[in-house]
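Raw contents of run.cif, mmCIF, C-alpha atoms:
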```
data_coords
#
loop_
_atom_site.label_atom_id
_atom_site.label_comp_id
_atom_site.auth_asym_id
_atom_site.auth_seq_id
_atom_site.Cartn_x
_atom_site.Cartn_y
_atom_site.Cartn_z
CA MET A 1302 -0.04 1.58 -32.67
CA LYS A 1303 -2.76 3.04 -30.46
CA PHE A 1304 -0.27 3.93 -27.72
CA PHE A 1305 1.34 6.58 -29.83
CA LEU A 1306 -0.59 9.83 -29.92
CA SER A 1307 1.68 11.28 -32.58
CA LYS A 1308 2.90 9.75 -35.81
CA LYS A 1309 6.27 11.27 -34.98
CA TYR A 1310 6.89 8.38 -32.54
CA ASP A 1311 6.24 5.22 -34.55
CA SER A 1312 7.90 2.87 -32.03
CA VAL A 1313 8.80 2.61 -28.39
CA THR A 1314 12.43 3.07 -29.33
CA SER A 1315 11.81 6.39 -31.09
CA LEU A 1316 9.64 7.57 -28.18
CA VAL A 1317 12.31 6.71 -25.60
CA LYS A 1318 15.05 8.35 -27.67
CA ALA A 1319 12.97 11.52 -27.96
CA CYS A 1320 12.44 11.47 -24.16
CA GLN A 1321 16.18 11.04 -23.69
CA GLN A 1322 16.60 14.25 -25.68
CA GLN A 1323 14.07 15.88 -23.30
CA ASP A 1324 11.47 16.48 -26.01
CA PRO A 1325 8.42 17.78 -24.04
CA ARG A 1326 5.96 16.37 -26.58
CA ALA A 1327 7.54 12.93 -26.33
CA GLN A 1328 7.48 13.13 -22.54
CA THR A 1329 3.75 13.87 -22.66
CA VAL A 1330 3.12 10.89 -24.95
CA PHE A 1331 5.33 8.70 -22.72
CA TYR A 1332 3.51 9.84 -19.57
CA GLU A 1333 0.09 9.15 -21.10
CA ARG A 1334 1.23 5.74 -22.33
CA TYR A 1335 1.91 4.52 -18.78
CA LYS A 1336 -0.46 6.65 -16.68
CA ALA A 1337 -3.41 4.26 -16.25
CA LYS A 1338 -1.48 1.05 -15.63
CA MET A 1339 1.17 2.55 -13.37
CA THR A 1340 -1.42 4.49 -11.37
CA GLY A 1341 -3.13 1.15 -10.72
CA ILE A 1342 0.13 -0.28 -9.40
CA CYS A 1343 0.61 2.77 -7.16
CA ARG A 1344 -2.91 2.37 -5.76
CA ARG A 1345 -2.17 -1.20 -4.73
CA TYR A 1346 0.69 -0.01 -2.51
CA ALA A 1347 -0.86 3.20 -1.18
CA ARG A 1348 -3.42 3.68 1.57
CA THR A 1349 -5.18 6.52 -0.23
CA VAL A 1350 -5.63 7.85 -3.75
CA ALA A 1351 -3.61 10.93 -2.76
CA GLU A 1352 -0.70 8.72 -1.64
CA ALA A 1353 -0.94 6.79 -4.91
CA ASP A 1354 -0.79 10.04 -6.86
CA ASP A 1355 2.28 11.13 -4.87
CA ILE A 1356 4.00 7.80 -5.55
CA PHE A 1357 3.13 8.02 -9.24
CA GLN A 1358 4.51 11.56 -9.52
CA ASP A 1359 7.70 10.61 -7.64
CA ALA A 1360 8.15 7.61 -9.93
CA PHE A 1361 7.82 9.68 -13.08
CA VAL A 1362 10.25 12.28 -11.82
CA LYS A 1363 12.74 9.42 -11.30
CA ILE A 1364 11.90 7.92 -14.70
CA PHE A 1365 12.49 11.18 -16.57
CA ASN A 1366 15.61 11.97 -14.52
CA ASN A 1367 17.09 8.54 -15.27
CA ILE A 1368 15.78 7.76 -18.75
CA ASN A 1369 19.24 8.38 -20.22
CA ASP A 1370 20.45 5.36 -18.22
CA LEU A 1371 18.12 3.11 -20.22
CA LYS A 1372 20.42 1.45 -22.75
CA GLU A 1373 17.79 -0.81 -24.34
CA PRO A 1374 14.74 1.33 -25.20
CA GLU A 1375 12.71 -1.73 -26.13
CA ALA A 1376 12.92 -2.86 -22.46
CA VAL A 1377 11.24 0.34 -21.27
CA ASP A 1378 7.96 -1.33 -20.18
CA GLY A 1379 9.67 -3.51 -17.56
CA TRP A 1380 11.99 -0.69 -16.51
CA VAL A 1381 9.06 1.67 -15.89
CA LYS A 1382 7.15 -0.97 -13.89
CA VAL A 1383 10.16 -1.80 -11.70
CA THR A 1384 10.82 1.91 -11.13
CA VAL A 1385 7.22 2.50 -10.06
CA ILE A 1386 7.21 -0.52 -7.71
CA ARG A 1387 10.55 0.48 -6.17
CA THR A 1388 9.30 4.04 -5.73
CA ALA A 1389 6.24 2.68 -3.93
CA ILE A 1390 8.47 0.55 -1.69
CA ASN A 1391 10.71 3.54 -0.94
CA TYR A 1392 7.62 5.57 -0.09
CA TYR A 1393 6.48 2.77 2.22
CA ASN A 1394 9.89 2.68 3.90
CA ARG A 1395 9.97 6.47 4.33
CA THR A 1396 6.46 6.99 5.63
CA THR A 1397 5.05 3.89 7.23
CA LYS A 1398 7.82 1.56 8.24
CA GLN A 1399 8.67 3.70 11.27
CA GLN A 1400 5.11 3.26 12.51
CA GLU A 1401 5.01 -0.20 13.99
CA LEU A 1402 1.42 -1.08 13.42
CA GLN A 1403 -0.01 -3.49 15.93
CA SER A 1404 -2.71 -5.54 14.30
CA SER A 1405 -5.26 -7.56 16.19
CA LEU A 1406 -3.93 -10.48 14.18
CA ASP A 1407 -0.69 -10.54 16.17
CA GLY A 1408 -2.39 -12.33 19.05
CA VAL A 1409 -4.44 -14.67 16.89
CA GLU A 1410 -3.23 -18.04 15.74
CA TRP A 1411 -5.64 -18.58 12.88
CA GLN A 1412 -4.41 -20.78 10.05
CA VAL A 1413 -5.83 -21.63 6.64
CA GLU A 1414 -4.84 -24.59 4.55
CA SER A 1415 -2.64 -23.41 1.69
CA ASP A 1416 -4.68 -25.19 -1.00
CA ASP A 1417 -7.92 -23.53 0.16
CA TYR A 1418 -6.26 -20.13 0.03
CA ILE A 1419 -5.06 -20.57 -3.55
CA ARG A 1420 -8.41 -21.92 -4.78
CA ILE A 1421 -10.39 -19.13 -3.12
CA ILE A 1422 -8.10 -16.40 -4.47
CA ASP A 1423 -8.21 -17.89 -7.98
CA GLN A 1424 -12.01 -17.71 -8.01
CA MET A 1425 -12.37 -14.15 -6.73
CA ASN A 1426 -13.21 -11.09 -8.75
CA VAL A 1427 -9.96 -9.16 -9.15
CA ARG A 1428 -11.48 -5.82 -8.04
CA ASP A 1429 -12.95 -7.41 -4.89
CA LEU A 1430 -9.61 -9.04 -4.09
CA LEU A 1431 -7.69 -5.79 -4.55
CA ASP A 1432 -10.21 -3.96 -2.35
CA LEU A 1433 -9.70 -6.54 0.41
CA ILE A 1434 -5.92 -6.36 0.06
CA ASN A 1435 -6.11 -2.57 0.40
CA GLU A 1436 -7.87 -3.01 3.75
CA LEU A 1437 -4.84 -4.85 5.19
CA PRO A 1438 -2.35 -3.03 7.44
CA ASP A 1439 0.53 -1.51 5.47
CA LYS A 1440 3.16 -4.10 6.34
CA TYR A 1441 0.95 -6.97 5.20
CA ARG A 1442 -0.53 -5.19 2.18
CA THR A 1443 2.91 -4.39 0.81
CA VAL A 1444 4.23 -7.94 1.14
CA ILE A 1445 1.00 -9.45 -0.27
CA ASN A 1446 1.18 -7.12 -3.28
CA LEU A 1447 4.85 -7.83 -3.91
CA HIS A 1448 4.48 -11.60 -3.65
CA LEU A 1449 0.96 -12.41 -4.81
CA ILE A 1450 0.43 -9.74 -7.46
CA ASP A 1451 3.92 -8.77 -8.66
CA GLY A 1452 5.55 -12.19 -8.26
CA TYR A 1453 8.58 -11.29 -6.16
CA THR A 1454 10.17 -14.00 -4.02
CA HIS A 1455 10.42 -13.68 -0.25
CA THR A 1456 14.16 -13.10 -0.59
CA GLU A 1457 13.61 -10.24 -3.07
CA ILE A 1458 10.92 -8.77 -0.82
CA GLY A 1459 13.24 -8.96 2.16
CA GLU A 1460 15.93 -7.07 0.25
CA MET A 1461 13.46 -4.38 -0.91
CA LEU A 1462 12.00 -3.86 2.55
CA SER A 1463 15.27 -4.25 4.48
CA MET A 1464 14.17 -7.36 6.36
CA SER A 1465 15.15 -11.01 6.36
CA ASP A 1466 13.42 -13.34 3.94
CA ALA A 1467 12.03 -15.20 6.98
CA THR A 1468 10.40 -11.96 8.17
CA ALA A 1469 9.03 -11.33 4.67
CA ARG A 1470 7.65 -14.88 4.60
CA SER A 1471 6.15 -14.45 8.08
CA GLN A 1472 4.49 -11.16 7.15
CA PHE A 1473 3.15 -12.73 3.97
CA MET A 1474 1.67 -15.63 5.96
CA ARG A 1475 0.13 -13.29 8.53
CA GLY A 1476 -1.21 -11.04 5.78
CA ARG A 1477 -2.55 -14.06 3.93
CA ASN A 1478 -4.27 -15.30 7.07
CA LEU A 1479 -5.76 -11.88 7.77
CA LEU A 1480 -6.95 -11.73 4.16
CA MET A 1481 -8.55 -15.15 4.56
CA LYS A 1482 -10.24 -13.98 7.77
CA LYS A 1483 -11.65 -10.99 5.86
CA LEU A 1484 -12.89 -13.37 3.16
CA GLU A 1485 -14.53 -15.51 5.82
CA LEU A 1486 -16.29 -12.44 7.24
CA LYS A 1487 -17.64 -11.74 3.76
CA GLY A 1488 -19.04 -15.28 3.64
CA ILE A 1489 -16.33 -16.75 1.40
CA VAL A 1490 -15.15 -19.76 3.36
CA HIS A 1491 -14.14 -22.41 0.89
CA HIS A 1492 -14.06 -23.15 -2.79
CA GLU A 1493 -16.66 -25.44 -4.28
CA ASN A 1494 -16.04 -27.32 -7.50
CA PHE A 1495 -18.84 -27.03 -10.02
#
```

Let's see the structure in the file written out as structure tokens.
Amino acid sequence: MKFFLSKKYDSVTSLVKACQQQDPRAQTVFYERYKAKMTGICRRYARTVAEADDIFQDAFVKIFNNINDLKEPEAVDGWVKVTVIRTAINYYNRTTKQQELQSSLDGVEWQVESDDYIRIIDQMNVRDLLDLINELPDKYRTVINLHLIDGYTHTEIGEMLSMSDATARSQFMRGRNLLMKKLELKGIVHHENF
């Protein structure tokens, strides 16, 4: 497999077991295996590249400190992703939740039809969409990422962010509306069928 830089680790299971024995070479291979994808996840939740790097490093410290708790090595991909997302959420809670950001959206009652939103988002270039999401205020960006990109329910988001599911839903709707407003400013108003 191309993910394994050494023939010594011929499967995910053997790589995880070597990491559980604190083999530095295995840890390097493990780190490199997840670096690109997990850094991308961190960047979705962070305001800056430096914050994303901090989140990524914190996540991997947690991963290596807790890898012995992983009982099913073949489930490591999902475990690593969840750990990285939860680390990003914890970072958000530690650093930005205390700052109650007041967005100009709070006073605006701008609504978009749900069907238009879904069709527009489906047609967008992924990079452009992620760039627009990153422009959102922290509280909206986090909820949009968790729901739209990572597929968490409003209830799960509420639990992660220590808020009610109604608040999570409200922040998602406000974030979605702000995102749609940003799309409108870029000239993307509605979806046309070809």

Please, what distance in Å, to one decimal, runs between CA of Asp1429 in chain A and CA of Arg1348 in chain A? 16.0 Å

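If only C-alpha atoms are the atoms counted, then among A:Val1317, A:His1455, A:Leu1371, A:Arg1442 the closest residue to Thr1329 in chain A is A:Val1317.
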
Ground truth for the PyMOL selection byres ((chain A and resi 1461) around 12), written as a list in words: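 After applying the PyMOL selection byres ((chain A and resi 1461) around 12), what remains is Val1383, Ile1386, Arg1387, Thr1388, Ala1389, Ile1390, Asn1391, Tyr1392, Tyr1393, Asn1394, Thr1443, Val1444, Leu1447, His1448, Tyr1453, Thr1454, His1455, Thr1456, Glu1457, Ile1458, Gly1459, Glu1460, Leu1462, Ser1463, Met1464, Ser1465, Asp1466 and Ala1469 of chain A.
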
Please evaluate the PyMOL selection byres ((chain A and resi 1369) around 12) against the structure above and give the resulting residues as a ChimeraX atom specification. /A:1317-1323,1363-1368,1370-1374,1377

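The smallest atom-to-atom distance between Leu1480 in chain A and any of A:Tyr1441, A:Arg1334, A:Ala1347, A:Asp1359, using only C-alpha atoms, is found for A:Tyr1441.
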
Counting all atoms listed in the file, note down every residue that has an atom within 12 Å of the point (-0.3, 3.7, -20.4) (file coordinates), as a PyMOL selection string. chain A and resi 1303-1306+1329-1342+1378+1381-1382

Rounded to one decimal, what separation in Å do you get between CA of Gly1488 in chain A and CA of Ile1434 in chain A? 16.3 Å
